[in-house]
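Okay, work_0.txt now, which holds compact mmCIF, C-alpha atoms:
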```txt
# COMPACT_ATOMS: atom_id res chain seq x y z
CA GLY A 199 -5.15 13.22 -7.73
CA ALA A 200 -3.69 16.70 -8.11
CA TYR A 201 -4.56 20.39 -8.32
CA LEU A 202 -4.40 22.16 -11.69
CA VAL A 203 -4.02 25.93 -11.30
CA PHE A 204 -4.66 28.05 -14.40
CA GLU A 205 -3.89 31.78 -14.45
CA PRO A 206 -5.13 33.58 -17.59
CA ASP A 207 -2.98 36.15 -19.32
CA SER A 208 -4.87 39.42 -18.87
CA SER A 209 -2.96 41.08 -21.70
CA ARG A 210 -4.64 38.82 -24.25
CA GLY A 211 -8.13 40.10 -23.58
CA ARG A 212 -10.79 37.46 -24.08
CA GLN A 213 -8.40 34.84 -25.44
CA VAL A 214 -8.22 31.84 -23.14
CA ARG A 215 -4.46 31.63 -22.80
CA GLY A 216 -2.27 31.72 -19.76
CA THR A 217 -0.10 29.61 -17.48
CA ALA A 218 -1.07 26.26 -15.99
CA ARG A 219 0.68 24.61 -13.06
CA LEU A 220 0.14 21.18 -11.50
CA PHE A 221 0.43 20.69 -7.73
CA PRO A 222 0.17 17.49 -5.64
CA LEU A 223 -2.78 17.16 -3.28
CA ALA A 224 -0.40 17.45 -0.31
CA ALA A 225 0.71 20.96 -1.37
CA GLU A 226 -0.19 23.70 1.12
CA PRO A 227 -0.52 27.48 0.69
CA SER A 228 2.66 29.43 1.38
CA ALA A 229 3.28 33.15 1.91
CA SER A 230 6.58 32.81 0.03
CA PHE A 231 4.69 32.61 -3.26
CA PRO A 232 2.67 35.46 -4.83
CA PRO A 233 -1.14 35.25 -4.57
CA LEU A 234 -3.15 33.99 -7.54
CA SER A 235 -4.07 36.57 -10.13
CA GLU A 236 -7.65 37.67 -10.76
CA GLY A 237 -9.60 35.12 -12.75
CA ALA A 238 -7.37 32.19 -11.76
CA LEU A 239 -8.96 28.76 -11.67
CA VAL A 240 -8.06 25.93 -9.27
CA MET A 241 -9.24 22.56 -10.55
CA ASP A 242 -9.17 19.33 -8.61
CA TYR A 243 -7.99 16.40 -10.74
CA GLY A 244 -9.61 13.33 -9.23
CA ASP A 245 -12.11 10.52 -9.62
CA LEU A 246 -15.50 11.52 -11.05
CA ASP A 247 -17.06 9.03 -8.65
CA SER A 248 -17.72 11.15 -5.54
CA GLU A 249 -17.76 8.13 -3.23
CA ALA A 250 -14.44 6.79 -4.51
CA ARG A 251 -12.92 10.28 -4.55
CA GLU A 252 -13.74 10.93 -0.90
CA PHE A 253 -12.49 7.49 0.12
CA ASN A 254 -9.22 8.06 -1.73
CA ARG A 255 -8.77 11.51 -0.20
CA ARG A 256 -9.10 10.11 3.29
CA ARG A 257 -6.54 7.41 2.52
CA LEU A 258 -4.05 9.90 1.04
CA ARG A 259 -4.43 12.12 4.11
CA GLY A 260 -3.12 9.21 6.12
CA GLU A 261 -6.43 8.42 7.79
CA PRO A 262 -6.54 4.72 8.75
CA ILE A 263 -9.10 2.78 6.71
CA HIS A 264 -10.14 -0.45 8.39
CA ASP A 265 -10.73 -3.58 6.35
CA GLU A 266 -14.36 -3.77 7.47
CA GLU A 267 -15.13 -0.35 6.01
CA TYR A 268 -13.22 -1.09 2.81
CA ASP A 269 -15.00 -4.43 2.35
CA ALA A 270 -18.42 -2.88 3.02
CA LEU A 271 -17.74 -0.26 0.35
CA ILE A 272 -16.89 -2.90 -2.25
CA ASP A 273 -19.87 -5.07 -1.20
CA ALA A 274 -22.29 -2.21 -1.77
CA ARG A 275 -20.78 -1.30 -5.14
CA LYS A 276 -20.78 -4.93 -6.25
CA LYS A 277 -24.44 -5.27 -5.34
CA ARG A 278 -25.40 -2.20 -7.37
CA LEU A 279 -23.37 -3.42 -10.33
CA PHE A 280 -24.95 -6.89 -10.21
CA GLU A 281 -28.48 -5.52 -9.99
CA ARG A 282 -27.88 -3.08 -12.83
CA ASP A 283 -25.64 -5.02 -15.25
CA HIS A 284 -25.75 -8.61 -13.88
CA VAL A 285 -21.96 -8.60 -13.36
CA GLU A 286 -20.63 -11.35 -11.10
CA PHE A 287 -17.24 -10.84 -9.47
CA LEU A 288 -14.57 -13.53 -9.40
CA GLU A 289 -14.77 -14.30 -5.67
CA ASP A 290 -18.55 -14.79 -5.86
CA TRP A 291 -18.19 -17.08 -8.87
CA LEU A 292 -15.42 -19.07 -7.14
CA LEU A 293 -17.41 -19.55 -3.95
CA ARG A 294 -20.46 -20.58 -5.98
CA GLN A 295 -18.38 -23.31 -7.64
CA ALA A 296 -17.13 -24.48 -4.26
CA GLU A 297 -20.71 -25.18 -3.17
CA HIS A 298 -20.95 -28.06 -5.64
CA GLU A 299 -20.07 -31.40 -4.07
CA GLY A 300 -17.26 -33.28 -5.75
CA LEU A 301 -15.89 -30.18 -7.49
CA HIS A 302 -12.18 -29.71 -6.76
CA VAL A 303 -11.73 -26.02 -5.87
CA ARG A 304 -8.35 -24.74 -4.70
CA LEU A 305 -6.91 -21.21 -4.69
CA LEU A 306 -3.27 -20.37 -5.36
CA SER A 307 -2.76 -16.61 -5.17
CA GLU A 308 -0.02 -14.00 -5.05
CA SER A 309 -0.85 -13.15 -1.47
CA PRO A 310 1.23 -13.35 1.73
CA VAL A 311 2.27 -16.76 2.94
CA HIS A 312 0.07 -17.71 5.89
CA PRO A 313 1.75 -18.05 9.31
CA GLU A 314 0.40 -21.59 9.62
CA GLU A 315 2.59 -22.57 6.66
CA LEU A 316 5.79 -21.25 8.25
CA GLU A 317 8.17 -22.73 10.77
CA LEU A 318 10.81 -20.71 12.59
CA HIS A 319 13.74 -22.51 14.13
CA ILE A 320 17.46 -22.14 14.80
CA GLU A 321 19.48 -24.84 13.06
CA PRO A 322 21.77 -26.49 15.63
CA GLY A 323 25.47 -26.51 14.83
CA VAL A 324 25.24 -23.65 12.30
CA GLU A 325 27.30 -20.59 13.15
CA ARG A 326 25.70 -17.17 12.98
CA ALA A 327 26.31 -15.03 9.92
CA PRO A 328 29.60 -13.06 10.06
CA PRO A 329 29.79 -9.29 9.52
CA ALA A 330 29.51 -8.18 5.91
CA HIS A 331 32.68 -7.69 3.88
CA GLU A 332 34.23 -4.23 4.00
CA CYS A 333 33.29 -3.51 0.37
CA LEU A 334 29.62 -4.00 1.32
CA ARG A 335 29.86 -1.94 4.49
CA CYS A 336 31.11 1.00 2.40
CA VAL A 337 28.01 1.01 0.19
CA GLU A 338 25.82 4.10 0.67
CA LEU A 339 22.41 3.86 2.25
CA ASP A 340 19.71 2.46 0.02
CA SER A 341 17.87 5.19 -1.87
CA ASP A 342 15.45 3.19 -3.97
CA ALA A 343 12.55 5.46 -3.02
CA ASP A 344 12.22 9.23 -3.14
CA SER A 345 11.21 11.15 -0.05
CA GLU A 346 7.90 12.14 -1.61
CA ASP A 347 7.15 8.47 -2.17
CA ASP A 348 7.87 7.73 1.50
CA GLU A 349 5.25 10.30 2.51
CA ASP A 350 2.64 9.01 0.08
CA PRO A 351 0.27 6.47 1.69
CA ASP A 352 -0.68 5.26 -1.77
CA ASP A 353 1.63 2.24 -1.52
CA GLY A 354 -0.60 -0.31 -3.19
CA SER A 355 -2.24 -1.51 -0.01
CA GLY A 356 -6.01 -1.77 0.20
CA THR A 357 -6.28 -3.41 -3.22
CA TYR A 358 -9.05 -5.55 -4.64
CA MET A 359 -6.81 -8.61 -4.23
CA ASP A 360 -6.77 -8.08 -0.46
CA TYR A 361 -10.56 -7.91 -0.46
CA PHE A 362 -10.77 -10.98 -2.70
CA TYR A 363 -8.55 -13.04 -0.40
CA ARG A 364 -10.45 -12.03 2.74
CA LYS A 365 -13.79 -12.99 1.19
CA VAL A 366 -12.57 -16.34 -0.10
CA SER A 367 -10.62 -17.30 3.02
CA ALA A 368 -13.71 -16.67 5.15
CA LYS A 369 -15.62 -19.38 3.22
CA LEU A 370 -13.11 -21.96 1.98
CA PRO A 371 -11.28 -24.39 4.30
CA ARG A 372 -7.84 -23.18 5.29
CA GLU A 373 -6.11 -26.10 3.55
CA HIS A 374 -7.70 -25.10 0.23
CA LEU A 375 -5.84 -21.78 0.14
CA ARG A 376 -2.20 -21.15 -0.64
CA GLY A 377 -0.39 -17.81 -0.61
CA VAL A 378 2.94 -17.73 -2.43
CA ASP A 379 4.21 -14.16 -1.96
CA PRO A 380 7.11 -14.07 0.56
CA ARG A 381 7.63 -10.28 0.43
CA ASP A 382 5.19 -9.48 3.24
CA ILE A 383 6.20 -12.23 5.63
CA GLY A 384 5.96 -10.72 9.08
CA ASP A 385 4.69 -7.40 7.75
CA ALA A 386 1.37 -8.17 6.10
CA SER A 387 -1.18 -5.42 5.57
CA ASP A 388 -3.79 -7.49 7.39
CA ASP A 389 -3.71 -6.81 11.15
CA LYS A 390 -4.66 -10.38 12.06
CA LEU A 391 -1.86 -11.82 9.92
CA ARG A 392 0.68 -9.50 11.53
CA GLU A 393 -0.45 -10.61 14.98
CA ALA A 394 -0.12 -14.25 13.93
CA PHE A 395 3.44 -13.67 12.70
CA VAL A 396 4.36 -12.03 16.01
CA ALA A 397 2.86 -14.94 17.93
CA LEU A 398 4.82 -17.35 15.74
CA ALA A 399 8.10 -15.62 16.61
CA ASP A 400 7.23 -15.43 20.32
CA ARG A 401 6.95 -19.23 20.49
CA GLU A 402 10.58 -19.67 19.41
CA PRO A 403 13.76 -19.05 21.44
CA PRO A 404 15.42 -15.68 20.83
CA ALA A 405 17.80 -15.50 17.89
CA PRO A 406 21.53 -15.07 18.60
CA PRO A 407 22.76 -11.46 18.59
CA ASP A 408 23.64 -10.02 15.20
CA ALA A 409 27.41 -9.91 14.64
CA GLU A 410 27.24 -6.57 12.81
CA VAL A 411 25.22 -4.95 15.59
CA GLU A 412 27.73 -6.14 18.16
CA MET A 413 30.64 -4.78 16.09
CA LEU A 414 28.97 -1.36 15.69
CA GLU A 415 28.22 -1.16 19.41
CA GLN A 416 31.84 -1.96 20.24
CA LEU A 417 33.00 0.82 17.89
CA GLY A 418 30.49 3.26 19.36
CA ALA A 419 29.13 3.96 15.88
CA GLU A 420 26.19 6.32 15.51
CA LEU A 421 23.02 5.33 13.74
CA ALA A 422 23.20 6.10 10.02
CA VAL A 423 20.39 8.50 9.10
CA GLU A 424 19.77 9.91 5.65
CA ASP A 425 19.94 13.70 5.43
CA ASP A 426 16.77 14.68 3.61
CA SER A 427 17.27 18.43 4.05
CA GLU A 428 18.34 18.73 0.41
CA ASP A 429 15.19 16.92 -0.72
CA GLU A 430 13.05 19.25 1.39
CA GLU A 431 14.81 22.29 -0.09
CA GLU A 432 14.16 21.02 -3.61
CA THR A 433 10.51 20.43 -2.71
CA HIS A 434 10.08 24.01 -1.44
CA ARG A 435 11.74 25.45 -4.53
CA GLY A 436 9.55 23.39 -6.84
CA ALA A 437 6.27 24.07 -5.00
```

Translate this file's structure into structure tokens.
Amino acid sequence: GAYLVFEPDSSRGRQVRGTARLFPLAAEPSASFPPLSEGALVMDYGDLDSEAREFNRRRLRGEPIHDEEYDALIDARKKRLFERDHVEFLEDWLLRQAEHEGLHVRLLSESPVHPEELELHIEPGVERAPPAHECLRCVELDSDADSEDDEDPDDGSGTYMDYFYRKVSAKLPREHLRGVDPRDIGDASDDKLREAFVALADREPPAPPDAEVEMLEQLGAELAVEDDSEDEEETHRGA
């Protein structure tokens, strides 16, 4: 969502012409900018669905949305859609198929690998990784994301796929489900999965100290922190 601010040009009389500016929802009023002219319009660009719009606003404000509330919202909307248009969602169809005896139903999804399918161990006789080569240590800090993206909670979490997997995993036997996405190992969006990953690591002996950390501590190096003051200055100038 965003705010569209339109200021009409008073010199053109009744002609609907003027200047339009687009602001992110996180923008706040500032005394450093002139007040809006008479007749200015501030329009909120968002979802026409009031329920979805309010839910999305809360999420973008950084308010924690628990899975139970998210799932209840989808359950209610699914029920209305089924009663009105007889639309059946994929998870309901899949679980209905699984009720038939003799029908082979398995789910392979792009979801986090389950902790029960992982094993953590330290291979005996294998030396720890050495410090990175000097040419790699000279590389600048990773900047694959802009500062405004870091502040945006809209990171793709809370998707329908998360809801789908929770619904199906609550009904199907654990061995009938397979997650194949390794990107969220140890940092899954689901609180219970994160706790299971932590418990998995706690059962293993501590890993040997990192060679690079030891080298930095010996050199008395300070923690590398990105200076985002320039980004903030650009943000203020563009607001």

Restricting the calculation to only C-alpha atoms: of A:Phe204, A:Pro403, A:Glu236, A:Asp265, which residue gets closest to Lys390 (chain A)?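 Closest to Lys390 (chain A), using only C-alpha atoms: A:Asp265.
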
Let me make sure I understand: among A:Arg376, A:Leu306, A:Glu249, A:Tyr201, which one has the smallest atom-to-atom distance to Glu226 (chain A) if we use all atoms listed in the file? A:Tyr201

For CA of Leu414 (chain A) and CA of Arg326 (chain A), the interatomic separation in Å (one decimal): 16.4 Å

Up to 7 Å from (-8.2, 29.1, -12.5) in the file's coordinates: name the residues, counting all atoms listed in the file, as a PyMOL selection string. chain A and resi 203-205+237-241

Of A:Ala200, A:Glu332, A:Leu279, A:Asp389, the one sitting nearest Glu266 (chain A) when using all atoms listed in the file is A:Asp389

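If you look at CA of Leu316 (chain A) and CA of Leu375 (chain A), they are 14.2 Å away from each other.
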
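Taking CA of Glu314 (chain A) as the reference point, CA of Ala270 (chain A) is found at 27.3 Å.
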
Complete the atom set of region 385-396 of chain A to all heavy atoms and return it as a compact mmCIF listing (two decimals), keeping the file's coordinate frame.
```txt
# COMPACT_ATOMS: atom_id res chain seq x y z
N ASP A 385 5.11 -8.79 7.87
CA ASP A 385 4.69 -7.40 7.75
C ASP A 385 3.51 -7.29 6.80
O ASP A 385 3.47 -6.44 5.92
CB ASP A 385 5.85 -6.53 7.26
CG ASP A 385 5.53 -5.04 7.36
OD1 ASP A 385 4.72 -4.67 8.23
OD2 ASP A 385 6.08 -4.27 6.56
N ALA A 386 2.54 -8.17 6.98
CA ALA A 386 1.37 -8.17 6.10
C ALA A 386 0.49 -6.98 6.38
O ALA A 386 0.51 -6.41 7.48
CB ALA A 386 0.58 -9.47 6.30
N SER A 387 -0.28 -6.56 5.38
CA SER A 387 -1.18 -5.42 5.57
C SER A 387 -2.36 -5.77 6.47
O SER A 387 -2.95 -4.89 7.09
CB SER A 387 -1.70 -4.94 4.20
OG SER A 387 -2.38 -5.99 3.52
N ASP A 388 -2.69 -7.04 6.56
CA ASP A 388 -3.79 -7.49 7.39
C ASP A 388 -3.34 -7.54 8.86
O ASP A 388 -2.34 -8.17 9.20
CB ASP A 388 -4.27 -8.87 6.93
CG ASP A 388 -5.53 -9.31 7.64
OD1 ASP A 388 -5.43 -9.71 8.81
OD2 ASP A 388 -6.62 -9.26 7.04
N ASP A 389 -4.09 -6.87 9.73
CA ASP A 389 -3.71 -6.81 11.15
C ASP A 389 -3.66 -8.19 11.79
O ASP A 389 -2.76 -8.49 12.59
CB ASP A 389 -4.68 -5.92 11.92
CG ASP A 389 -4.59 -4.46 11.50
OD1 ASP A 389 -3.53 -4.07 10.96
OD2 ASP A 389 -5.57 -3.72 11.70
N LYS A 390 -4.61 -9.05 11.45
CA LYS A 390 -4.66 -10.38 12.06
C LYS A 390 -3.46 -11.22 11.63
O LYS A 390 -2.92 -11.99 12.43
CB LYS A 390 -5.96 -11.08 11.68
CG LYS A 390 -7.21 -10.40 12.27
CD LYS A 390 -8.47 -11.14 11.89
CE LYS A 390 -9.70 -10.46 12.50
NZ LYS A 390 -10.96 -11.15 12.11
N LEU A 391 -3.03 -11.07 10.37
CA LEU A 391 -1.86 -11.82 9.92
C LEU A 391 -0.60 -11.34 10.63
O LEU A 391 0.25 -12.13 11.02
CB LEU A 391 -1.69 -11.66 8.40
CG LEU A 391 -2.57 -12.53 7.51
CD1 LEU A 391 -2.26 -12.29 6.04
CD2 LEU A 391 -2.39 -14.01 7.85
N ARG A 392 -0.48 -10.04 10.82
CA ARG A 392 0.68 -9.50 11.53
C ARG A 392 0.74 -10.05 12.95
O ARG A 392 1.80 -10.41 13.45
CB ARG A 392 0.65 -7.98 11.55
CG ARG A 392 1.09 -7.33 10.25
CD ARG A 392 1.55 -5.91 10.48
NE ARG A 392 0.51 -5.10 11.08
CZ ARG A 392 -0.39 -4.41 10.39
NH1 ARG A 392 -0.38 -4.45 9.07
NH2 ARG A 392 -1.30 -3.68 11.00
N GLU A 393 -0.41 -10.08 13.62
CA GLU A 393 -0.45 -10.61 14.98
C GLU A 393 -0.06 -12.08 15.01
O GLU A 393 0.61 -12.54 15.95
CB GLU A 393 -1.85 -10.41 15.56
CG GLU A 393 -2.23 -8.94 15.77
CD GLU A 393 -3.68 -8.78 16.15
OE1 GLU A 393 -4.39 -9.81 16.25
OE2 GLU A 393 -4.13 -7.62 16.36
N ALA A 394 -0.47 -12.83 13.98
CA ALA A 394 -0.12 -14.25 13.93
C ALA A 394 1.37 -14.45 13.71
O ALA A 394 1.97 -15.38 14.26
CB ALA A 394 -0.92 -14.93 12.81
N PHE A 395 1.99 -13.58 12.90
CA PHE A 395 3.44 -13.67 12.70
C PHE A 395 4.19 -13.37 14.00
O PHE A 395 5.17 -14.04 14.33
CB PHE A 395 3.88 -12.70 11.61
CG PHE A 395 3.65 -13.20 10.22
CD1 PHE A 395 2.84 -12.51 9.34
CD2 PHE A 395 4.26 -14.37 9.78
CE1 PHE A 395 2.63 -12.97 8.05
CE2 PHE A 395 4.06 -14.84 8.49
CZ PHE A 395 3.24 -14.14 7.62
N VAL A 396 3.72 -12.37 14.73
CA VAL A 396 4.36 -12.03 16.01
C VAL A 396 4.24 -13.19 16.99
O VAL A 396 5.20 -13.55 17.68
CB VAL A 396 3.73 -10.75 16.60
CG1 VAL A 396 4.24 -10.50 18.01
CG2 VAL A 396 4.03 -9.54 15.71
```
